[in-house]
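Inspection log for the structure reproduced underneath, given as structure tokens.
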Amino acid sequence: MKKYHKPVLAAILSAMVMLAGCSSSNAPGDSAAAGQGQTQGEKILVIGRGGDTVTLDPAQSSDDETNRVTEEVVETLVTYKKGTSEIVPLLAKSWQISEDGKTVTFHLEEGVKFHDGTPFNADAVVYNFERWWDPDHPYHNGAFSIFQTDMGGFKGDEKSVIRGVKKVDENTVEVSLAHSFAPFIAMLTEPQYSIVSPESMKKNNGEFKDQLVGTGAFQFVSWAPNDKIVLKKNPEYRVSGLPKVDQLVFQVIKDNSARLNALKTGQIDLMEGVSPSDVESLKSDPNLEVYTSPSNNVGYMAFNTQMKPFDNPKVRQAISMTIDKQGLIDAFYYGQAEPAVTVLPSKSWALNTDLETYPNDLEKAKQLLAEAGYPDGFKTELWVMPVARPYMPQPEKIGAALQANMKQIGIDAKIVTYDWATYIKKTNNGEAPMCLLGWSAATWDPTTLMYTLLHSTDAKPTNNVSLYKNPEVDELLDKALQVNDQAERAKLYNKAQELIYNDAPMNPLVHSTPVRAASKSVAGYVPQVTYGPQLTDVDIVK
């Protein structure tokens, strides 16, 4: 048995904040805290965010605004050590993987209770796994899209990775897999695999409209839709001295400028989603702190490999040689990004460091176009996403810059856009000749980017919007899922990246740097790229 036993998690993860009308210690009359029963002098951390939570059911979540709340209330078996890509214990104090990789045994923390006073134990873990996996479970609900994608399907599905879950004893759970599945532990860091109190689900008939009961450092108090969610300190949290604040308030402030102003005026304590263009002004404010963290995303331009003329790799390579990535970063990311070579960011253990980004070489690009049969260029469309994302903060301007680059070698690309829902539907159905998109990875496992974006599939919709098919790449990516040795996996991913680089089904443009900002009264905040409790050991100091 290979044993993975990490030190007990002494301090979990850090901070974010907000509230309309208050900062560190809020008086009873302050707006965001009013009516919550707090006493004068309580520490209330207010987090400003651009949108509201969609659901309180972590298993059904597919959006960050939901995850940012639920991960403070419910916990996963494992998580990432803050600020790193190292997986460490949370509710499981250790785990073992059998030599054949088909059995994973979790040894659980003992003496832990849910917020409703019921025990966290093997029965609770098995109950949650069965809810996610088994369509016959009374609270399965059938809307667990992340689980379905990650684990290959539900119980009874031929491609389901999970084959069984059983209680070994009060504090031990065994999960049986169809085959060795290397990213399994990393996937369990995602908030969709949080352990919820079984008794709370039974009591509320599987509904999560106004309740969520977990083992986390904070307890759910209330949710005023499109306004705020309030959480309070769990006084019986198992880690002594944590959490350090008494309340968390997640305040919706949709407009980015208004949210930024709320931070500057002290109405909120922390905000995510800082625009790159605002970084310098924030750095010059003596009352604020700017936080950055390693990128785990990619913004890219995809070519439809099943549509002429992009079915010819020389055309795709030629366009790639027109792109000045550093120029894009300087103009539209204000330096808060790094040029991408492959879809994997520089901090990935699987990045092929022997590859270099395509050179900006117009003469070579023209030569490749001529060899492909297009000496005079051609007309086409470049689809541009209508909304900003961290990996694509100014899509219209970035699209216009790429359009101008292609014009230099005779390619006349018309800019096309749709509303966001239509754009995603059409690109995922393979309708775009070229398009701008991106992906933010939920884990540090390379599968999250490599397999998701580049493994072939006949199914639509698909995240492989290039409709890229290379049997050799598929074989490498499939094999990498079933090899547990990280060095061996890295070799497989390195070879796959080399093949993809030469095929050029997409041009990875940038890996953007996530930026957050907080009041200097916020202490102990370490930004986390992936998921996990963020605010447990964050404090507010004067």
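In the structure tokens, the first chain shown is A, the next is B, and so on; residue numbers restart at 1 for each chain, and ligands run from 1 in the order shown.
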
* **Residues of stretch 336-540 of chain A in strand (DSSP E), written as a PyMOL selection string** => chain A and resi 337-339+378-383+411-416+434-440+506-512+515-519+522-523+539-540

* To do: Find the residues near A:Thr427: any atom within 9 Å, counting only C-alpha atoms, skip ones fewer than 3 places away on the same chain, and give them as a PyMOL selection string.
  => chain A and resi 383+422-424+430-432+435+461-463+465-466

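Atom pair atom CA of A:Lys283 / atom CA of A:Arg516 has a distance of 11.3 Å (rounded to one decimal).
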
Would you write out, as a tab-separated table, a table of all residues in stretch 311-357 of chain A that have an atom no more than 12 Å from an atom of stretch 481-490 of chain A, listing for each the closest atom pair and the distance in Å to one decimal, considering only C-alpha atoms and ordering rows by chain and rising residue number?
residue	atom	partner	partner_atom	distance
A:Leu344	CA	A:Ala490	CA	11.7
A:Ser348	CA	A:Ala490	CA	9.7
A:Trp349	CA	A:Ala490	CA	7.0
A:Ala350	CA	A:Ala490	CA	4.6
A:Leu351	CA	A:Ala490	CA	7.7
A:Asn352	CA	A:Ala490	CA	8.3
A:Thr353	CA	A:Ala490	CA	11.1

Just write the chosen residues, N, CA and C atoms, as an mmCIF file, in the first residue's frame.
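For reference, again20.cif as written:
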data_model
loop_
_atom_site.group_PDB
_atom_site.id
_atom_site.type_symbol
_atom_site.label_atom_id
_atom_site.label_comp_id
_atom_site.auth_asym_id
_atom_site.auth_seq_id
_atom_site.Cartn_x
_atom_site.Cartn_y
_atom_site.Cartn_z
ATOM 1 N N LEU A 344 -1.232 24.469 -19.770
ATOM 2 C CA LEU A 344 -0.794 24.347 -18.378
ATOM 3 C C LEU A 344 0.023 25.564 -17.963
ATOM 4 N N SER A 348 2.519 24.428 -12.915
ATOM 5 C CA SER A 348 2.077 23.039 -13.048
ATOM 6 C C SER A 348 3.275 22.093 -13.086
ATOM 7 N N TRP A 349 3.200 21.016 -12.322
ATOM 8 C CA TRP A 349 4.290 20.032 -12.312
ATOM 9 C C TRP A 349 4.371 19.257 -13.628
ATOM 10 N N ALA A 350 3.358 19.374 -14.466
ATOM 11 C CA ALA A 350 3.337 18.619 -15.727
ATOM 12 C C ALA A 350 3.680 19.476 -16.943
ATOM 13 N N LEU A 351 4.025 20.745 -16.747
ATOM 14 C CA LEU A 351 4.310 21.621 -17.883
ATOM 15 C C LEU A 351 5.550 21.140 -18.636
ATOM 16 N N ASN A 352 5.458 21.089 -19.965
ATOM 17 C CA ASN A 352 6.595 20.767 -20.810
ATOM 18 C C ASN A 352 7.435 22.029 -20.978
ATOM 19 N N THR A 353 8.522 22.098 -20.235
ATOM 20 C CA THR A 353 9.353 23.306 -20.228
ATOM 21 C C THR A 353 10.300 23.377 -21.424
#

* Residue nearest A:Gln497 among A:Ser440, A:Asn141, A:Asn470, A:Thr457 (counting only C-alpha atoms) -> A:Asn470

* Structure fact -> Shortest contact to A:Tyr451, candidates A:Leu188, A:Glu381, A:Asp150, A:Ile319, atoms counted only C-alpha atoms, goes to A:Asp150

* Running DSSP on the backbone, which parts of stretch 457-530 of chain A land in helix (DSSP H, G or I), as a ChimeraX atom specification? -> /A:471-481,486-503

Keeping only C-alpha atoms, write the selected residues as an mmCIF file, in the first residue's frame.
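File produced: part_7.cif:
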data_model
loop_
_atom_site.group_PDB
_atom_site.id
_atom_site.type_symbol
_atom_site.label_atom_id
_atom_site.label_comp_id
_atom_site.auth_asym_id
_atom_site.auth_seq_id
_atom_site.Cartn_x
_atom_site.Cartn_y
_atom_site.Cartn_z
ATOM 1 C CA PRO A 471 -5.757 9.340 -31.226
ATOM 2 C CA GLU A 472 -2.180 9.452 -29.925
ATOM 3 C CA VAL A 473 -2.997 12.410 -27.667
ATOM 4 C CA ASP A 474 -6.154 10.651 -26.444
ATOM 5 C CA GLU A 475 -4.145 7.548 -25.590
ATOM 6 C CA LEU A 476 -1.590 9.582 -23.615
ATOM 7 C CA LEU A 477 -4.270 11.501 -21.711
ATOM 8 C CA ASP A 478 -6.204 8.316 -20.938
ATOM 9 C CA LYS A 479 -3.081 6.553 -19.707
ATOM 10 C CA ALA A 480 -2.170 9.547 -17.513
ATOM 11 C CA LEU A 481 -5.479 9.100 -15.661
ATOM 12 C CA GLN A 486 3.597 11.695 -10.726
ATOM 13 C CA ALA A 487 6.914 11.588 -12.611
ATOM 14 C CA GLU A 488 5.513 9.021 -15.039
ATOM 15 C CA ARG A 489 2.337 11.055 -15.473
ATOM 16 C CA ALA A 490 4.445 14.151 -16.195
ATOM 17 C CA LYS A 491 6.209 12.294 -19.030
ATOM 18 C CA LEU A 492 2.861 11.377 -20.563
ATOM 19 C CA TYR A 493 1.564 14.945 -20.318
ATOM 20 C CA ASN A 494 4.854 16.292 -21.707
ATOM 21 C CA LYS A 495 4.549 14.105 -24.816
ATOM 22 C CA ALA A 496 0.888 15.059 -25.240
ATOM 23 C CA GLN A 497 1.770 18.762 -25.021
ATOM 24 C CA GLU A 498 4.430 18.331 -27.712
ATOM 25 C CA LEU A 499 1.929 16.755 -30.088
ATOM 26 C CA ILE A 500 -0.727 19.370 -29.331
ATOM 27 C CA TYR A 501 1.816 22.175 -29.793
ATOM 28 C CA ASN A 502 2.616 20.934 -33.303
ATOM 29 C CA ASP A 503 -1.038 20.365 -34.195
#

* **Non-local contacts of A:Pro533 (12 Å; only C-alpha atoms; under 5 positions in same chain excluded) as a VMD selection string** => chain A and resid 9 11 to 16 67 to 76 78 to 83 90 189 to 191 194 215 to 218 243 525 to 528 538

* Fewer than 4 positions away in the same chain doesn't count, so skip those; otherwise give me all residues within 12 Å of A:Arg389, counting only C-alpha atoms, as an NGL selection string. => :A and (273-276 or 297-300 or 333 or 385 or 393-396 or 420 or 436-440 or 511-514)

* Could you name the residues that touch A:Val245 at 6 Å or less, counting only C-alpha atoms, but leaving out those on the same chain fewer than 2 positions away, as a ChimeraX atom specification? -> /A:43,243,247,539

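Of note, atom CA of A:Glu272 and atom CA of A:Val515 are spaced 6.8 Å apart.
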
* **Residue contacts of stretch 220-227 of chain A (7 Å, only C-alpha atoms) excluding same-chain residues fewer than 6 positions away, as a PyMOL selection string** => chain A and resi 52+73+210-212+251-252

Now that the selection is made, can you save its residues with N, CA and C atoms as an mmCIF file, in the first residue's frame?
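Output file out-v8.cif follows:
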data_model
loop_
_atom_site.group_PDB
_atom_site.id
_atom_site.type_symbol
_atom_site.label_atom_id
_atom_site.label_comp_id
_atom_site.auth_asym_id
_atom_site.auth_seq_id
_atom_site.Cartn_x
_atom_site.Cartn_y
_atom_site.Cartn_z
ATOM 1 N N ASP A 52 -24.815 36.805 -6.759
ATOM 2 C CA ASP A 52 -25.369 36.076 -5.621
ATOM 3 C C ASP A 52 -25.111 34.576 -5.753
ATOM 4 N N VAL A 73 -18.778 26.641 5.299
ATOM 5 C CA VAL A 73 -19.751 25.974 6.170
ATOM 6 C C VAL A 73 -19.541 24.459 6.189
ATOM 7 N N ASP A 210 -32.929 27.147 2.597
ATOM 8 C CA ASP A 210 -32.575 28.090 3.659
ATOM 9 C C ASP A 210 -31.790 27.414 4.774
ATOM 10 N N GLN A 211 -31.042 26.376 4.431
ATOM 11 C CA GLN A 211 -30.226 25.710 5.445
ATOM 12 C C GLN A 211 -29.065 24.974 4.806
ATOM 13 N N LEU A 212 -27.973 24.903 5.521
ATOM 14 C CA LEU A 212 -26.801 24.120 5.139
ATOM 15 C C LEU A 212 -26.066 23.778 6.429
ATOM 16 N N GLN A 251 -21.713 40.187 0.750
ATOM 17 C CA GLN A 251 -22.575 41.259 0.256
ATOM 18 C C GLN A 251 -22.508 41.369 -1.258
ATOM 19 N N VAL A 252 -23.644 41.354 -1.905
ATOM 20 C CA VAL A 252 -23.684 41.490 -3.364
ATOM 21 C C VAL A 252 -23.572 42.960 -3.752
#

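Remark: for A:Gly152, the closest of the candidate residues A:Val249, A:Ala122, A:Leu177, A:Ile185 is A:Leu177 (distances computed over only C-alpha atoms).
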
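Atom CA of A:Lys202 to atom CA of A:Phe114 spans 14.1 Å [interatomic distance, one decimal].
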
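Minimum atom-to-atom distance to A:Pro345, evaluated using only C-alpha atoms, belongs to A:Pro446 out of A:Pro235, A:Gly524, A:Gly399, A:Pro446.
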
* **Within 9 Å of stretch 170-175 of chain A using only C-alpha atoms, minus same-chain residues under 2 positions, as a list of chain:residue names** => A:Lys102, A:Thr103, A:Val104, A:Thr105, A:Phe106, A:His107, A:Leu108, A:Glu109, A:Glu110, A:Phe120, A:Asn121, A:Ala122, A:Asp123, A:Val125, A:Val126, A:Ile162, A:Arg163, A:Gly164, A:Val165, A:Lys166, A:Lys167, A:Val168, A:Leu177

Next, the residues of the selection above should be written as a PDB file, in the first residue's frame with N, CA, C and O atoms.
ATOM      1  N   LYS A 102      -6.936   0.737  -7.201  1.00  0.00           N
ATOM      2  CA  LYS A 102      -8.385   0.566  -7.321  1.00  0.00           C
ATOM      3  C   LYS A 102      -9.127   0.659  -5.994  1.00  0.00           C
ATOM      4  O   LYS A 102     -10.359   0.621  -5.972  1.00  0.00           O
ATOM      5  N   THR A 103      -8.406   0.800  -4.881  1.00  0.00           N
ATOM      6  CA  THR A 103      -9.046   0.940  -3.572  1.00  0.00           C
ATOM      7  C   THR A 103      -8.427   2.112  -2.830  1.00  0.00           C
ATOM      8  O   THR A 103      -7.205   2.173  -2.660  1.00  0.00           O
ATOM      9  N   VAL A 104      -9.270   3.042  -2.391  1.00  0.00           N
ATOM     10  CA  VAL A 104      -8.813   4.197  -1.627  1.00  0.00           C
ATOM     11  C   VAL A 104      -9.461   4.133  -0.245  1.00  0.00           C
ATOM     12  O   VAL A 104     -10.694   4.068  -0.140  1.00  0.00           O
ATOM     13  N   THR A 105      -8.634   4.143   0.787  1.00  0.00           N
ATOM     14  CA  THR A 105      -9.126   4.043   2.163  1.00  0.00           C
ATOM     15  C   THR A 105      -8.885   5.356   2.894  1.00  0.00           C
ATOM     16  O   THR A 105      -7.748   5.845   2.941  1.00  0.00           O
ATOM     17  N   PHE A 106      -9.945   5.926   3.436  1.00  0.00           N
ATOM     18  CA  PHE A 106      -9.859   7.183   4.178  1.00  0.00           C
ATOM     19  C   PHE A 106      -9.993   6.920   5.671  1.00  0.00           C
ATOM     20  O   PHE A 106     -10.929   6.241   6.101  1.00  0.00           O
ATOM     21  N   HIS A 107      -9.063   7.475   6.458  1.00  0.00           N
ATOM     22  CA  HIS A 107      -9.133   7.421   7.906  1.00  0.00           C
ATOM     23  C   HIS A 107      -9.589   8.800   8.385  1.00  0.00           C
ATOM     24  O   HIS A 107      -8.909   9.808   8.133  1.00  0.00           O
ATOM     25  N   LEU A 108     -10.736   8.839   9.040  1.00  0.00           N
ATOM     26  CA  LEU A 108     -11.409  10.109   9.333  1.00  0.00           C
ATOM     27  C   LEU A 108     -10.985  10.710  10.671  1.00  0.00           C
ATOM     28  O   LEU A 108     -10.591   9.991  11.590  1.00  0.00           O
ATOM     29  N   GLU A 109     -11.096  12.032  10.749  1.00  0.00           N
ATOM     30  CA  GLU A 109     -10.914  12.724  12.030  1.00  0.00           C
ATOM     31  C   GLU A 109     -11.967  12.213  13.009  1.00  0.00           C
ATOM     32  O   GLU A 109     -13.119  11.976  12.624  1.00  0.00           O
ATOM     33  N   GLU A 110     -11.582  12.068  14.264  1.00  0.00           N
ATOM     34  CA  GLU A 110     -12.489  11.540  15.285  1.00  0.00           C
ATOM     35  C   GLU A 110     -13.022  12.651  16.179  1.00  0.00           C
ATOM     36  O   GLU A 110     -12.380  13.669  16.384  1.00  0.00           O
ATOM     37  N   PHE A 120     -19.978  13.377  12.936  1.00  0.00           N
ATOM     38  CA  PHE A 120     -19.336  13.116  11.652  1.00  0.00           C
ATOM     39  C   PHE A 120     -18.588  11.793  11.785  1.00  0.00           C
ATOM     40  O   PHE A 120     -17.762  11.619  12.686  1.00  0.00           O
ATOM     41  N   ASN A 121     -18.900  10.858  10.891  1.00  0.00           N
ATOM     42  CA  ASN A 121     -18.276   9.542  10.967  1.00  0.00           C
ATOM     43  C   ASN A 121     -18.370   8.848   9.607  1.00  0.00           C
ATOM     44  O   ASN A 121     -18.774   9.473   8.604  1.00  0.00           O
ATOM     45  N   ALA A 122     -18.006   7.579   9.581  1.00  0.00           N
ATOM     46  CA  ALA A 122     -18.021   6.833   8.319  1.00  0.00           C
ATOM     47  C   ALA A 122     -19.413   6.761   7.709  1.00  0.00           C
ATOM     48  O   ALA A 122     -19.573   6.838   6.482  1.00  0.00           O
ATOM     49  N   ASP A 123     -20.435   6.624   8.561  1.00  0.00           N
ATOM     50  CA  ASP A 123     -21.808   6.568   8.040  1.00  0.00           C
ATOM     51  C   ASP A 123     -22.154   7.839   7.271  1.00  0.00           C
ATOM     52  O   ASP A 123     -22.798   7.790   6.218  1.00  0.00           O
ATOM     53  N   VAL A 125     -20.073   9.923   5.746  1.00  0.00           N
ATOM     54  CA  VAL A 125     -19.322   9.990   4.494  1.00  0.00           C
ATOM     55  C   VAL A 125     -19.946   9.078   3.448  1.00  0.00           C
ATOM     56  O   VAL A 125     -20.155   9.473   2.288  1.00  0.00           O
ATOM     57  N   VAL A 126     -20.274   7.846   3.843  1.00  0.00           N
ATOM     58  CA  VAL A 126     -20.899   6.910   2.916  1.00  0.00           C
ATOM     59  C   VAL A 126     -22.232   7.460   2.421  1.00  0.00           C
ATOM     60  O   VAL A 126     -22.552   7.366   1.224  1.00  0.00           O
ATOM     61  N   ILE A 162     -16.337   5.127  -9.985  1.00  0.00           N
ATOM     62  CA  ILE A 162     -16.639   4.540  -8.680  1.00  0.00           C
ATOM     63  C   ILE A 162     -17.433   3.248  -8.847  1.00  0.00           C
ATOM     64  O   ILE A 162     -18.387   3.179  -9.618  1.00  0.00           O
ATOM     65  N   ARG A 163     -17.026   2.238  -8.093  1.00  0.00           N
ATOM     66  CA  ARG A 163     -17.714   0.950  -8.132  1.00  0.00           C
ATOM     67  C   ARG A 163     -18.375   0.596  -6.795  1.00  0.00           C
ATOM     68  O   ARG A 163     -19.235  -0.285  -6.742  1.00  0.00           O
ATOM     69  N   GLY A 164     -17.997   1.292  -5.734  1.00  0.00           N
ATOM     70  CA  GLY A 164     -18.609   1.016  -4.441  1.00  0.00           C
ATOM     71  C   GLY A 164     -18.014   1.884  -3.345  1.00  0.00           C
ATOM     72  O   GLY A 164     -16.875   2.345  -3.455  1.00  0.00           O
ATOM     73  N   VAL A 165     -18.808   2.118  -2.295  1.00  0.00           N
ATOM     74  CA  VAL A 165     -18.365   2.875  -1.122  1.00  0.00           C
ATOM     75  C   VAL A 165     -18.869   2.137   0.113  1.00  0.00           C
ATOM     76  O   VAL A 165     -20.061   1.823   0.196  1.00  0.00           O
ATOM     77  N   LYS A 166     -17.976   1.838   1.068  1.00  0.00           N
ATOM     78  CA  LYS A 166     -18.437   1.099   2.242  1.00  0.00           C
ATOM     79  C   LYS A 166     -17.750   1.561   3.515  1.00  0.00           C
ATOM     80  O   LYS A 166     -16.622   2.063   3.499  1.00  0.00           O
ATOM     81  N   LYS A 167     -18.442   1.396   4.613  1.00  0.00           N
ATOM     82  CA  LYS A 167     -17.926   1.679   5.941  1.00  0.00           C
ATOM     83  C   LYS A 167     -17.094   0.482   6.399  1.00  0.00           C
ATOM     84  O   LYS A 167     -17.571  -0.656   6.393  1.00  0.00           O
ATOM     85  N   VAL A 168     -15.850   0.730   6.792  1.00  0.00           N
ATOM     86  CA  VAL A 168     -14.995  -0.319   7.335  1.00  0.00           C
ATOM     87  C   VAL A 168     -15.167  -0.392   8.848  1.00  0.00           C
ATOM     88  O   VAL A 168     -15.341  -1.461   9.426  1.00  0.00           O
ATOM     89  N   LEU A 177     -12.742   1.616  -6.920  1.00  0.00           N
ATOM     90  CA  LEU A 177     -12.744   2.230  -8.242  1.00  0.00           C
ATOM     91  C   LEU A 177     -12.682   1.171  -9.330  1.00  0.00           C
ATOM     92  O   LEU A 177     -12.158   0.073  -9.120  1.00  0.00           O
TER      93      LEU A 177
END
